[in-house]
Structure formats: C-alpha cells, structure tokens
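Data block for upload-v7.cif (mmCIF, C-alpha atoms and all ligand atoms):
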data_run
#
loop_
_atom_site.group_PDB
_atom_site.id
_atom_site.type_symbol
_atom_site.label_atom_id
_atom_site.label_comp_id
_atom_site.auth_asym_id
_atom_site.auth_seq_id
_atom_site.Cartn_x
_atom_site.Cartn_y
_atom_site.Cartn_z
ATOM 1 C CA MET A 1 -5.627 -46.464 -54.607
ATOM 2 C CA LYS A 2 -2.407 -47.796 -56.199
ATOM 3 C CA LYS A 3 -1.156 -50.951 -54.480
ATOM 4 C CA LYS A 4 1.613 -50.132 -52.020
ATOM 5 C CA LEU A 5 4.722 -52.181 -51.286
ATOM 6 C CA PHE A 6 6.299 -52.543 -47.842
ATOM 7 C CA ALA A 7 9.263 -54.639 -46.684
ATOM 8 C CA ILE A 8 11.348 -55.798 -43.780
ATOM 9 C CA PHE A 9 15.136 -55.435 -44.087
ATOM 10 C CA GLY A 10 17.427 -57.688 -42.067
ATOM 11 C CA ASP A 11 20.318 -60.143 -42.026
ATOM 12 C CA PRO A 12 19.114 -62.725 -41.174
ATOM 13 C CA VAL A 13 15.510 -62.015 -42.103
ATOM 14 C CA SER A 14 14.016 -65.420 -42.905
ATOM 15 C CA HIS A 15 12.810 -65.810 -39.285
ATOM 16 C CA SER A 16 10.771 -62.597 -39.390
ATOM 17 C CA ARG A 17 7.016 -62.875 -38.942
ATOM 18 C CA SER A 18 6.437 -59.280 -40.020
ATOM 19 C CA PRO A 19 5.399 -60.160 -43.623
ATOM 20 C CA LEU A 20 2.746 -62.558 -42.345
ATOM 21 C CA MET A 21 1.455 -60.052 -39.742
ATOM 22 C CA HIS A 22 1.213 -57.038 -42.033
ATOM 23 C CA ASN A 23 -0.077 -58.966 -45.071
ATOM 24 C CA TYR A 24 -2.825 -60.513 -42.954
ATOM 25 C CA VAL A 25 -3.946 -57.086 -41.713
ATOM 26 C CA PHE A 26 -3.889 -55.656 -45.253
ATOM 27 C CA LYS A 27 -5.924 -58.595 -46.561
ATOM 28 C CA LYS A 28 -8.498 -58.624 -43.763
ATOM 29 C CA LEU A 29 -8.994 -54.859 -43.823
ATOM 30 C CA HIS A 30 -8.956 -54.643 -47.644
ATOM 31 C CA TYR A 31 -5.980 -52.294 -47.722
ATOM 32 C CA PRO A 32 -4.209 -52.504 -51.119
ATOM 33 C CA ALA A 33 -0.682 -53.384 -50.071
ATOM 34 C CA THR A 34 1.889 -56.193 -50.007
ATOM 35 C CA TYR A 35 4.740 -56.696 -47.554
ATOM 36 C CA ILE A 36 7.922 -58.556 -48.528
ATOM 37 C CA ARG A 37 11.241 -59.675 -46.987
ATOM 38 C CA VAL A 38 14.548 -58.165 -48.109
ATOM 39 C CA HIS A 39 17.696 -59.986 -47.076
ATOM 40 C CA LEU A 40 20.202 -57.121 -46.995
ATOM 41 C CA LYS A 41 23.805 -58.067 -46.276
ATOM 42 C CA ASP A 42 25.493 -54.827 -47.289
ATOM 43 C CA ALA A 43 24.169 -52.024 -45.058
ATOM 44 C CA SER A 44 25.574 -49.348 -47.397
ATOM 45 C CA LYS A 45 23.000 -50.448 -49.989
ATOM 46 C CA PHE A 46 20.020 -49.767 -47.695
ATOM 47 C CA LYS A 47 18.675 -46.501 -49.099
ATOM 48 C CA GLU A 48 19.374 -47.447 -52.716
ATOM 49 C CA THR A 49 17.524 -50.756 -52.268
ATOM 50 C CA PHE A 50 14.587 -49.069 -50.520
ATOM 51 C CA LEU A 51 14.174 -46.543 -53.349
ATOM 52 C CA ASN A 52 14.811 -49.017 -56.201
ATOM 53 C CA LEU A 53 12.063 -51.267 -54.872
ATOM 54 C CA GLY A 54 9.668 -48.299 -54.813
ATOM 55 C CA LEU A 55 8.724 -48.989 -51.190
ATOM 56 C CA SER A 56 6.065 -46.998 -49.370
ATOM 57 C CA GLY A 57 7.566 -48.037 -46.065
ATOM 58 C CA ALA A 58 9.688 -50.591 -44.256
ATOM 59 C CA ASN A 59 10.589 -52.211 -41.001
ATOM 60 C CA ILE A 60 14.207 -52.790 -40.108
ATOM 61 C CA THR A 61 15.628 -55.584 -38.002
ATOM 62 C CA ILE A 62 19.117 -56.844 -37.049
ATOM 63 C CA PRO A 63 21.693 -55.495 -37.740
ATOM 64 C CA HIS A 64 20.506 -52.468 -39.739
ATOM 65 C CA LYS A 65 18.536 -50.263 -37.325
ATOM 66 C CA GLU A 66 21.318 -47.737 -36.826
ATOM 67 C CA THR A 67 22.077 -47.706 -40.579
ATOM 68 C CA ALA A 68 18.400 -47.043 -41.207
ATOM 69 C CA TYR A 69 18.518 -44.058 -38.845
ATOM 70 C CA ASN A 70 21.375 -42.549 -40.845
ATOM 71 C CA ALA A 71 19.609 -43.202 -44.148
ATOM 72 C CA CYS A 72 16.495 -41.218 -43.195
ATOM 73 C CA ASP A 73 15.776 -37.684 -44.393
ATOM 74 C CA GLU A 74 13.842 -36.895 -41.225
ATOM 75 C CA ILE A 75 13.460 -38.573 -37.842
ATOM 76 C CA ARG A 76 10.290 -38.227 -35.792
ATOM 77 C CA GLY A 77 9.361 -38.920 -32.185
ATOM 78 C CA PHE A 78 11.224 -41.296 -29.917
ATOM 79 C CA ALA A 79 13.655 -42.420 -32.678
ATOM 80 C CA SER A 80 15.389 -39.041 -32.529
ATOM 81 C CA LYS A 81 16.265 -39.683 -28.871
ATOM 82 C CA VAL A 82 17.894 -43.053 -29.522
ATOM 83 C CA GLY A 83 19.351 -42.873 -33.011
ATOM 84 C CA VAL A 84 17.682 -46.173 -33.867
ATOM 85 C CA VAL A 85 14.956 -46.648 -36.463
ATOM 86 C CA ASN A 86 12.800 -49.757 -36.928
ATOM 87 C CA THR A 87 10.081 -48.204 -39.114
ATOM 88 C CA ILE A 88 10.371 -45.965 -42.161
ATOM 89 C CA VAL A 89 7.589 -44.282 -44.097
ATOM 90 C CA ASN A 90 8.149 -42.884 -47.584
ATOM 91 C CA GLU A 91 6.569 -39.425 -47.574
ATOM 92 C CA ASN A 92 6.725 -38.022 -51.116
ATOM 93 C CA GLY A 93 10.195 -39.463 -51.720
ATOM 94 C CA LYS A 94 11.489 -38.545 -48.264
ATOM 95 C CA LEU A 95 12.361 -41.315 -45.812
ATOM 96 C CA ILE A 96 10.813 -40.567 -42.406
ATOM 97 C CA GLY A 97 12.181 -42.682 -39.545
ATOM 98 C CA TYR A 98 10.368 -43.833 -36.433
ATOM 99 C CA ASN A 99 11.000 -46.219 -33.560
ATOM 100 C CA THR A 100 8.085 -48.367 -32.424
ATOM 101 C CA ASP A 101 10.167 -51.009 -30.589
ATOM 102 C CA ALA A 102 10.271 -49.281 -27.222
ATOM 103 C CA ASP A 103 6.539 -48.624 -26.944
ATOM 104 C CA GLY A 104 5.891 -52.110 -28.325
ATOM 105 C CA PHE A 105 7.971 -53.534 -25.496
ATOM 106 C CA ILE A 106 6.268 -51.410 -22.829
ATOM 107 C CA PHE A 107 2.956 -52.805 -24.130
ATOM 108 C CA ALA A 108 4.376 -56.337 -23.989
ATOM 109 C CA ILE A 109 5.434 -56.180 -20.344
ATOM 110 C CA ARG A 110 2.399 -54.272 -19.051
ATOM 111 C CA GLU A 111 1.667 -57.014 -16.491
ATOM 112 C CA PHE A 112 5.168 -56.755 -14.993
ATOM 113 C CA THR A 113 4.496 -54.032 -12.429
ATOM 114 C CA HIS A 114 6.599 -52.114 -9.869
ATOM 115 C CA LEU A 115 9.716 -52.117 -12.007
ATOM 116 C CA LYS A 116 12.477 -50.070 -10.390
ATOM 117 C CA ASN A 117 15.685 -51.853 -11.436
ATOM 118 C CA ILE A 118 16.194 -53.460 -14.827
ATOM 119 C CA LEU A 119 19.147 -55.303 -16.325
ATOM 120 C CA ILE A 120 19.450 -55.269 -20.100
ATOM 121 C CA LEU A 121 21.590 -57.969 -21.704
ATOM 122 C CA GLY A 122 23.076 -56.633 -24.949
ATOM 123 C CA ALA A 123 23.936 -53.161 -26.202
ATOM 124 C CA GLY A 124 22.555 -53.065 -29.745
ATOM 125 C CA GLY A 125 19.710 -51.081 -31.259
ATOM 126 C CA THR A 126 16.963 -52.744 -29.252
ATOM 127 C CA ALA A 127 18.863 -52.255 -26.011
ATOM 128 C CA LYS A 128 19.300 -48.569 -26.794
ATOM 129 C CA ALA A 129 15.591 -48.064 -27.395
ATOM 130 C CA LEU A 130 14.576 -49.918 -24.239
ATOM 131 C CA ALA A 131 17.190 -48.325 -21.968
ATOM 132 C CA THR A 132 16.260 -44.834 -23.103
ATOM 133 C CA ARG A 133 12.557 -45.577 -22.636
ATOM 134 C CA PHE A 134 13.008 -47.086 -19.143
ATOM 135 C CA LEU A 135 15.123 -44.121 -18.003
ATOM 136 C CA GLN A 136 12.310 -41.814 -19.157
ATOM 137 C CA ASP A 137 10.086 -43.643 -16.656
ATOM 138 C CA SER A 138 12.732 -43.121 -13.907
ATOM 139 C CA ILE A 139 13.654 -46.819 -13.836
ATOM 140 C CA LYS A 140 17.318 -47.613 -13.030
ATOM 141 C CA VAL A 141 18.992 -49.445 -15.897
ATOM 142 C CA ASP A 142 22.114 -51.637 -15.890
ATOM 143 C CA VAL A 143 23.520 -52.930 -19.156
ATOM 144 C CA LEU A 144 25.655 -56.041 -19.583
ATOM 145 C CA ASN A 145 27.303 -56.655 -22.945
ATOM 146 C CA ARG A 146 29.795 -59.092 -24.431
ATOM 147 C CA SER A 147 32.073 -56.314 -25.651
ATOM 148 C CA GLU A 148 32.859 -52.831 -24.376
ATOM 149 C CA LYS A 149 32.626 -50.657 -27.473
ATOM 150 C CA ARG A 150 28.865 -50.253 -27.639
ATOM 151 C CA LEU A 151 28.526 -49.495 -23.916
ATOM 152 C CA GLU A 152 29.708 -45.916 -24.321
ATOM 153 C CA TYR A 153 26.270 -44.652 -25.367
ATOM 154 C CA PHE A 154 24.641 -46.263 -22.337
ATOM 155 C CA GLU A 155 27.138 -44.630 -19.968
ATOM 156 C CA THR A 156 26.372 -41.216 -21.422
ATOM 157 C CA ILE A 157 22.642 -41.605 -20.808
ATOM 158 C CA GLY A 158 23.112 -42.718 -17.195
ATOM 159 C CA CYS A 159 23.122 -46.536 -17.173
ATOM 160 C CA ASN A 160 25.520 -48.666 -15.114
ATOM 161 C CA CYS A 161 27.485 -50.663 -17.651
ATOM 162 C CA PHE A 162 29.311 -53.965 -17.429
ATOM 163 C CA THR A 163 31.109 -56.422 -19.652
ATOM 164 C CA TRP A 164 31.285 -60.101 -18.791
ATOM 165 C CA ASP A 165 34.632 -59.406 -17.034
ATOM 166 C CA THR A 166 33.394 -56.580 -14.821
ATOM 167 C CA TYR A 167 29.875 -57.803 -13.959
ATOM 168 C CA LYS A 168 28.922 -58.026 -10.276
ATOM 169 C CA SER A 169 25.748 -59.781 -9.170
ATOM 170 C CA LYS A 170 22.828 -57.527 -8.104
ATOM 171 C CA LYS A 171 19.067 -57.796 -7.530
ATOM 172 C CA TYR A 172 16.739 -56.778 -10.366
ATOM 173 C CA ASP A 173 12.983 -56.618 -10.918
ATOM 174 C CA LEU A 174 13.350 -57.508 -14.601
ATOM 175 C CA VAL A 175 16.097 -58.883 -16.850
ATOM 176 C CA VAL A 176 15.670 -58.446 -20.605
ATOM 177 C CA ASN A 177 17.659 -60.313 -23.213
ATOM 178 C CA THR A 178 18.172 -58.061 -26.231
ATOM 179 C CA THR A 179 21.186 -59.937 -27.591
ATOM 180 C CA SER A 180 20.785 -62.093 -30.661
ATOM 181 C CA ALA A 181 22.267 -65.066 -28.767
ATOM 182 C CA GLY A 182 19.760 -67.898 -29.131
ATOM 183 C CA LEU A 183 18.180 -66.504 -32.287
ATOM 184 C CA LYS A 184 19.958 -68.734 -34.790
ATOM 185 C CA ASP A 185 22.047 -70.764 -32.351
ATOM 186 C CA GLU A 186 21.785 -72.317 -28.901
ATOM 187 C CA GLU A 187 23.991 -69.782 -27.110
ATOM 188 C CA LEU A 188 23.281 -67.988 -23.843
ATOM 189 C CA PRO A 189 23.582 -64.180 -23.814
ATOM 190 C CA ALA A 190 26.551 -64.440 -21.380
ATOM 191 C CA PRO A 191 28.601 -67.242 -19.776
ATOM 192 C CA LEU A 192 26.521 -69.723 -17.753
ATOM 193 C CA ASN A 193 27.819 -68.615 -14.342
ATOM 194 C CA ILE A 194 26.740 -65.016 -15.016
ATOM 195 C CA ILE A 195 23.339 -66.052 -16.377
ATOM 196 C CA GLU A 196 22.757 -68.316 -13.366
ATOM 197 C CA SER A 197 23.518 -65.451 -11.007
ATOM 198 C CA VAL A 198 21.345 -63.011 -12.998
ATOM 199 C CA LEU A 199 18.383 -65.406 -13.009
ATOM 200 C CA ASN A 200 18.727 -66.188 -9.307
ATOM 201 C CA ASN A 201 18.328 -62.487 -8.553
ATOM 202 C CA THR A 202 15.374 -61.296 -10.616
ATOM 203 C CA SER A 203 11.568 -61.330 -10.339
ATOM 204 C CA PHE A 204 10.755 -61.266 -14.083
ATOM 205 C CA VAL A 205 12.493 -62.181 -17.322
ATOM 206 C CA ALA A 206 11.809 -61.151 -20.916
ATOM 207 C CA ASP A 207 13.463 -62.105 -24.176
ATOM 208 C CA ALA A 208 13.164 -59.972 -27.315
ATOM 209 C CA ILE A 209 13.517 -63.117 -29.434
ATOM 210 C CA TYR A 210 10.263 -64.741 -30.502
ATOM 211 C CA GLY A 211 9.190 -67.937 -32.180
ATOM 212 C CA LYS A 212 11.474 -70.225 -30.195
ATOM 213 C CA LEU A 213 12.372 -71.062 -26.636
ATOM 214 C CA THR A 214 15.871 -69.607 -26.310
ATOM 215 C CA PRO A 215 18.364 -71.296 -23.955
ATOM 216 C CA PHE A 216 18.016 -68.168 -21.775
ATOM 217 C CA LEU A 217 14.214 -68.509 -21.446
ATOM 218 C CA LYS A 218 14.526 -72.268 -20.998
ATOM 219 C CA LEU A 219 16.792 -71.721 -17.998
ATOM 220 C CA ALA A 220 14.416 -69.067 -16.614
ATOM 221 C CA ASN A 221 11.497 -71.509 -16.962
ATOM 222 C CA GLU A 222 13.460 -74.214 -15.150
ATOM 223 C CA LYS A 223 13.852 -71.757 -12.284
ATOM 224 C CA ASN A 224 10.096 -70.977 -12.357
ATOM 225 C CA ILE A 225 10.659 -67.295 -13.063
ATOM 226 C CA ILE A 226 7.712 -65.470 -14.643
ATOM 227 C CA SER A 227 8.861 -64.803 -18.174
ATOM 228 C CA LYS A 228 7.786 -63.930 -21.671
ATOM 229 C CA ASP A 229 9.297 -64.145 -25.114
ATOM 230 C CA GLY A 230 9.274 -61.413 -27.762
ATOM 231 C CA ALA A 231 5.901 -62.236 -29.338
ATOM 232 C CA ASP A 232 3.945 -59.466 -27.599
ATOM 233 C CA MET A 233 6.747 -57.013 -28.307
ATOM 234 C CA LEU A 234 6.528 -58.031 -31.941
ATOM 235 C CA LEU A 235 2.792 -57.451 -31.866
ATOM 236 C CA GLY A 236 3.119 -54.087 -30.084
ATOM 237 C CA GLN A 237 5.756 -52.678 -32.444
ATOM 238 C CA GLY A 238 3.908 -54.131 -35.451
ATOM 239 C CA VAL A 239 0.582 -52.482 -34.642
ATOM 240 C CA LEU A 240 2.271 -49.098 -34.193
ATOM 241 C CA ALA A 241 4.259 -49.554 -37.437
ATOM 242 C CA ASN A 242 1.141 -50.558 -39.385
ATOM 243 C CA GLU A 243 -0.681 -47.434 -38.203
ATOM 244 C CA LEU A 244 2.180 -45.376 -39.632
ATOM 245 C CA PHE A 245 2.210 -47.363 -42.911
ATOM 246 C CA VAL A 246 -1.504 -46.747 -43.524
ATOM 247 C CA ASN A 247 -1.256 -43.176 -42.236
ATOM 248 C CA PHE A 248 -3.807 -43.942 -39.486
ATOM 249 C CA LYS A 249 -6.513 -44.815 -42.053
ATOM 250 C CA LEU A 250 -7.272 -48.135 -40.319
ATOM 251 C CA LYS A 251 -8.551 -48.485 -36.762
ATOM 252 C CA LYS A 252 -5.893 -49.487 -34.222
ATOM 253 C CA GLU A 253 -8.253 -52.037 -32.594
ATOM 254 C CA ASP A 254 -8.760 -53.720 -35.986
ATOM 255 C CA ILE A 255 -5.020 -53.796 -36.752
ATOM 256 C CA ASN A 256 -4.388 -55.249 -33.290
ATOM 257 C CA LYS A 257 -7.128 -57.849 -33.699
ATOM 258 C CA TYR A 258 -5.929 -59.196 -37.042
ATOM 259 C CA MET A 259 -2.224 -58.967 -36.250
ATOM 260 C CA ARG A 260 -2.816 -61.017 -33.112
ATOM 261 C CA GLU A 261 -4.912 -63.460 -35.154
ATOM 262 C CA SER A 262 -2.041 -63.846 -37.641
ATOM 263 C CA PHE A 263 0.031 -65.371 -34.821
ATOM 264 C CA THR A 264 -2.244 -68.402 -34.898
ATOM 265 C CA LEU A 265 -1.721 -69.094 -38.621
HETATM 266 P P1 LIG B 301 21.963 -55.649 -32.747
HETATM 267 O O1 LIG B 301 22.680 -56.374 -33.828
HETATM 268 O O2 LIG B 301 21.880 -54.164 -32.798
HETATM 269 O O3 LIG B 301 22.653 -56.026 -31.310
HETATM 270 C C1 LIG B 301 22.932 -57.339 -30.971
HETATM 271 C C2 LIG B 301 23.484 -57.418 -29.557
HETATM 272 O O4 LIG B 301 23.644 -58.800 -29.265
HETATM 273 C C3 LIG B 301 24.870 -56.786 -29.347
HETATM 274 O O5 LIG B 301 24.904 -56.213 -28.065
HETATM 275 C C4 LIG B 301 25.827 -57.983 -29.439
HETATM 276 O O6 LIG B 301 26.985 -57.824 -28.656
HETATM 277 C C5 LIG B 301 24.966 -59.060 -28.798
HETATM 278 N N1 LIG B 301 25.299 -60.415 -29.230
HETATM 279 C C6 LIG B 301 25.203 -60.940 -30.469
HETATM 280 N N2 LIG B 301 25.538 -62.252 -30.451
HETATM 281 C C7 LIG B 301 25.845 -62.548 -29.167
HETATM 282 C C8 LIG B 301 26.262 -63.737 -28.509
HETATM 283 N N3 LIG B 301 26.427 -64.872 -29.169
HETATM 284 N N4 LIG B 301 26.478 -63.692 -27.176
HETATM 285 C C9 LIG B 301 26.270 -62.541 -26.496
HETATM 286 N N5 LIG B 301 25.904 -61.379 -27.056
HETATM 287 C C10 LIG B 301 25.698 -61.380 -28.373
HETATM 288 O O7 LIG B 301 20.511 -56.329 -32.650
HETATM 289 P P2 LIG B 301 19.086 -55.706 -32.273
HETATM 290 O O8 LIG B 301 19.221 -54.926 -31.017
HETATM 291 O O9 LIG B 301 18.477 -55.060 -33.445
HETATM 292 O O10 LIG B 301 18.215 -57.047 -32.011
HETATM 293 C C11 LIG B 301 18.561 -57.903 -30.948
HETATM 294 C C12 LIG B 301 17.584 -59.063 -30.821
HETATM 295 O O11 LIG B 301 16.284 -58.594 -30.493
HETATM 296 C C13 LIG B 301 17.434 -59.892 -32.093
HETATM 297 O O12 LIG B 301 17.414 -61.246 -31.728
HETATM 298 C C14 LIG B 301 16.104 -59.456 -32.645
HETATM 299 O O13 LIG B 301 15.486 -60.491 -33.402
HETATM 300 C C15 LIG B 301 15.320 -59.172 -31.372
HETATM 301 N N6 LIG B 301 14.225 -58.188 -31.562
HETATM 302 C C16 LIG B 301 12.940 -58.575 -31.382
HETATM 303 C C17 LIG B 301 11.904 -57.676 -31.522
HETATM 304 C C18 LIG B 301 10.496 -58.114 -31.310
HETATM 305 O O14 LIG B 301 9.594 -57.438 -31.800
HETATM 306 N N7 LIG B 301 10.251 -59.157 -30.586
HETATM 307 C C19 LIG B 301 12.136 -56.278 -31.909
HETATM 308 C C20 LIG B 301 13.534 -55.959 -32.023
HETATM 309 C C21 LIG B 301 14.527 -56.906 -31.884
HETATM 310 P P3 LIG B 301 28.340 -57.071 -29.220
HETATM 311 O O15 LIG B 301 28.098 -55.605 -29.027
HETATM 312 O O16 LIG B 301 29.424 -57.601 -28.354
HETATM 313 O O17 LIG B 301 28.469 -57.475 -30.663
#

Write out the structure in this file as structure tokens.
Ligand code: NDP
Amino acid sequence: MKKKLFAIFGDPVSHSRSPLMHNYVFKKLHYPATYIRVHLKDASKFKETFLNLGLSGANITIPHKETAYNACDEIRGFASKVGVVNTIVNENGKLIGYNTDADGFIFAIREFTHLKNILILGAGGTAKALATRFLQDSIKVDVLNRSEKRLEYFETIGCNCFTWDTYKSKKYDLVVNTTSAGLKDEELPAPLNIIESVLNNTSFVADAIYGKLTPFLKLANEKNIISKDGADMLLGQGVLANELFVNFKLKKEDINKYMRESFTL
C-alpha cells in the first residue's frame, strides 16, 4: 500500500499531541502512514493546502473547525448536526467531514454520572459539539461566553445563554471549560468572581485543554472538586478519528491501547 499522509491543522498547533498519537499507532500496527502538523494562519487557504499536500485525511483544531466544515464536499454523522468538523477523510478526491470531539468527550467523562445540568464555558466549535450532544441526552445546557455574537446558535438549539455581564449563579452537576483561555496564557475563562461562583456550585469540572494545569483547573483542585483535563477527550476523539483514517482496517482496541501508550512517551 502507498504510504499515506495525514495532518493536523491549527493556529496555534505546536501544542498538539495528535502527531505523536497517530504516528505511534501507525508504527506499532505497521500501517504505512505519517502524520504531520500544519500551522495554518489563513483559514481561506485550508482546502488548497489540504489538496496540495496530497493528504489522505486530517484533524482540525482551533480556530479552523467551522472553516473545515465549509470546505468539505460531504458531511457525515454528528458533524452535520453541529456544523463543526474535526476530522476529514479524503475519499477519492472528495473531502468527507466528521466530528469525533463530542463522542470523545462523552467517553472522557464516563465516570461523571447523573448529569442533569451542565454549564459550558465558551461558545466555539468544541462548545457547539458538546452542547448539541448533551441536549441529545436530555441534559440541560447553559452556555457562558465572553462575547455575545456566538451565543445565537446555542439559543436556537435550546440552551440558556449568558455573557459575563448577564450571568447569574446557579447549581450545576458539571462545568466544562471549552474556551482557549489558559491554553497559551494564564487567563481564566471568565472574571475571577464568576469563576469562583461557578466552582462553588458544581459537583464536577472538566477542561478541554490538555497537557497543562490551566488556572481554571488549578482553582478547581484547590477547592477539591473532582476534575479532569482534556487528555481523555483527546484520546477518545483520536481513537475515533484514527478508525476513520484507516477505514476501520485496524482494531479499535489496538488503536486505543497504543494511543494511550503514546501519552507516556
Ligand atoms: P474556538 O476558537 O472555536 O472557540 C474558542 C472559545 O474560547 C470562544 O468561545 C472564545 O470566546 C473563547 N475564548 C478565547 N480566549 C478567551 C479568553 N481569553 N477568555 C475567555 N474566553 C476566551 O476553539 P475550539 O472550540 O476549537 O477549542 C477550544 C479549546 O478546546 C482549545 O483550547 C482546544 O485546544 C481545546 N480542545 C481540546 C480537545 C481535546 O481533545 N482535548 C478537542 C477540542 C478542543 P469569543 O467567542 O468571545 O471569542
């Protein structure tokens, strides 16, 4: 089989562990493929770059997931519900878009049970995928975002939406940080007084960011709240994406085993 090339697109992208995870699986399972990073600043160049590189597939991270959706020739599964794509497979020159983030996250928080009320911090692509997925499971979803513009979508699907100015404290079972605050800086996802109030009123906390203790998770830990970072979400979405990349030719248990092992490298 001709060696295949896969990539992750993002800005920033240097933090991404996806190349390590996928390359390790390919190597261990003798699948002829390589996975690279593409630092894409100009979103309008997405499709052109994908095709010029001759990619067989890609993952997409901040801030290009909605661009990726629009660049696809066909959207399959959950991605068509949310308009957000994190995985693309090249099928005979056609870009087929998928979303594996939401199911990856559900896998990640499987030990957080009895979830009835969730607060999502942020209103970007990840927030969209999670909110839509939680609503499917009849969980009530509130969304709190820095700015108002991106909240419109969440209102249309039935979430209660707030900006920092309109937020009122409530009790939640789980609070999820899907903002990029804390990724490359030491910022909280909202002003300290709001975050304090949010953390004082929740049973569980999750952060989509992985590979570092964000100020948000640090504060949650100080308050002894059961929490987790984005590593398991990364694993969950990665396993599902890899299955799509290899067209289900490798066993899911094997992909899961080696991807998890790559976290220890
Ligand atoms: P988007 O760019 O689509 O959305 C970013 C969101 O963060 C927006 O709501 C934005 O608010 C908000 N935001 C950005 N900076 C700040 C700040 N300083 N303070 C408060 N809010 C801020 O990003 P994605 O949804 O694609 O990704 C979000 C995060 O989730 C990233 O850190 C990414 O690495 C992580 N992630 C992790 C995954 C994993 O597998 N663990 C999978 C997917 C994502 P506004 O609308 O006002 O601009």

The PyMOL selection byres (((not hetatm)) within 6 of (chain B and resi 301)) applied to the shown file, residues as a list in words: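 This file gives the following for the PyMOL selection byres (((not hetatm)) within 6 of (chain B and resi 301)): Thr61, Ile62, Pro63, Asp101, Gly122, Ala123, Gly124, Gly125, Thr126, Ala127, Asn145, Arg146, Ser147, Arg150, Thr178, Thr179, Ser180, Ala181, Leu183, Glu187, Pro189, Ala190, Ala208, Ile209, Tyr210, Gly230, Ala231, Met233 and Leu234 of chain A.
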
Point-to-point distance in Å for atom CA of A:Thr163 and atom CA of A:Val143: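 Spanning atom CA of A:Val143 to atom CA of A:Thr163 is a straight-line distance of 8.4 Å.
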
Assuming the chain letters and numbering stay as they are in my file, what does the PyMOL selection byres (((chain A and resi 161) around 9) and not hetatm) actually select? List them as a PDB file with C-alpha atoms, in the frame of the given file.
ATOM      1  CA  VAL A 141      18.992 -49.445 -15.897  1.00  0.00           C
ATOM      2  CA  ASP A 142      22.114 -51.637 -15.890  1.00  0.00           C
ATOM      3  CA  VAL A 143      23.520 -52.930 -19.156  1.00  0.00           C
ATOM      4  CA  LEU A 144      25.655 -56.041 -19.583  1.00  0.00           C
ATOM      5  CA  ASN A 145      27.303 -56.655 -22.945  1.00  0.00           C
ATOM      6  CA  GLU A 148      32.859 -52.831 -24.376  1.00  0.00           C
ATOM      7  CA  LEU A 151      28.526 -49.495 -23.916  1.00  0.00           C
ATOM      8  CA  GLU A 152      29.708 -45.916 -24.321  1.00  0.00           C
ATOM      9  CA  PHE A 154      24.641 -46.263 -22.337  1.00  0.00           C
ATOM     10  CA  GLU A 155      27.138 -44.630 -19.968  1.00  0.00           C
ATOM     11  CA  CYS A 159      23.122 -46.536 -17.173  1.00  0.00           C
ATOM     12  CA  ASN A 160      25.520 -48.666 -15.114  1.00  0.00           C
ATOM     13  CA  PHE A 162      29.311 -53.965 -17.429  1.00  0.00           C
ATOM     14  CA  THR A 163      31.109 -56.422 -19.652  1.00  0.00           C
ATOM     15  CA  THR A 166      33.394 -56.580 -14.821  1.00  0.00           C
ATOM     16  CA  TYR A 167      29.875 -57.803 -13.959  1.00  0.00           C
TER      17      TYR A 167
END

Resolved residues for the PyMOL selection byres (((chain A and resi 111) around 12) and not hetatm) as a PyMOL selection string: chain A and resi 105-110+112-115+174+204+206+226-228+232

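One finds atom CA of A:Asn221 at 26.6 Å from atom CA of A:Ser18.
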
Shell around stretch 34-51 of chain A at 12 Å using all atoms listed in the file, local window under 6 positions removed, as a PyMOL selection string: chain A and resi 2-27+57-73+88-96+242+245-246

Which protein, DNA or RNA residues have an atom at most 6 Å from (18.9, -56.9, -18.6), counting only C-alpha atoms? List them as a short mmCIF file (atom, residue, chain, number, x, y, z; two decimals) with C-alpha atoms, keeping the file's coordinate frame.
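Output file part.cif is given in full below:
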data_model
loop_
_atom_site.label_atom_id
_atom_site.label_comp_id
_atom_site.auth_asym_id
_atom_site.auth_seq_id
_atom_site.Cartn_x
_atom_site.Cartn_y
_atom_site.Cartn_z
CA ILE A 118 16.19 -53.46 -14.83
CA LEU A 119 19.15 -55.30 -16.32
CA ILE A 120 19.45 -55.27 -20.10
CA LEU A 121 21.59 -57.97 -21.70
CA VAL A 175 16.10 -58.88 -16.85
CA VAL A 176 15.67 -58.45 -20.60
CA ASN A 177 17.66 -60.31 -23.21
#

Atomic distance atom CA of A:Tyr31 - atom CA of A:Gly238, expressed in Å with one decimal: 15.9 Å

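With all atoms listed in the file as the basis for measurement, A:Asp103 is the residue among A:Trp164, A:Asp103, A:Val198, A:Leu192 that approaches A:Phe134 most closely.
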
Counting only C-alpha atoms, the option among A:Thr202, A:Asn99, A:Ser262, A:Thr156 closest to A:Gly77: A:Asn99

Can you tell me, as JSON, the centre and edge lengths (Å, one decimal) of the axis-aligned box enclosing all of stretch 144-149 of chain A's listed atoms after padding each side by 6 Å?
{"center_x": 29.3, "center_y": -54.9, "center_z": -23.5, "size_x": 19.2, "size_y": 20.4, "size_z": 19.9}

Residue neighbourhood A:Phe78, 12 Å, all atoms listed in the file, exclusion window fewer than 5 positions, as JSON, numbers by chain: {"A": [69, 83, 84, 85, 86, 87, 97, 98, 99, 100, 101, 102, 103, 128, 129, 130, 132, 133, 136]}
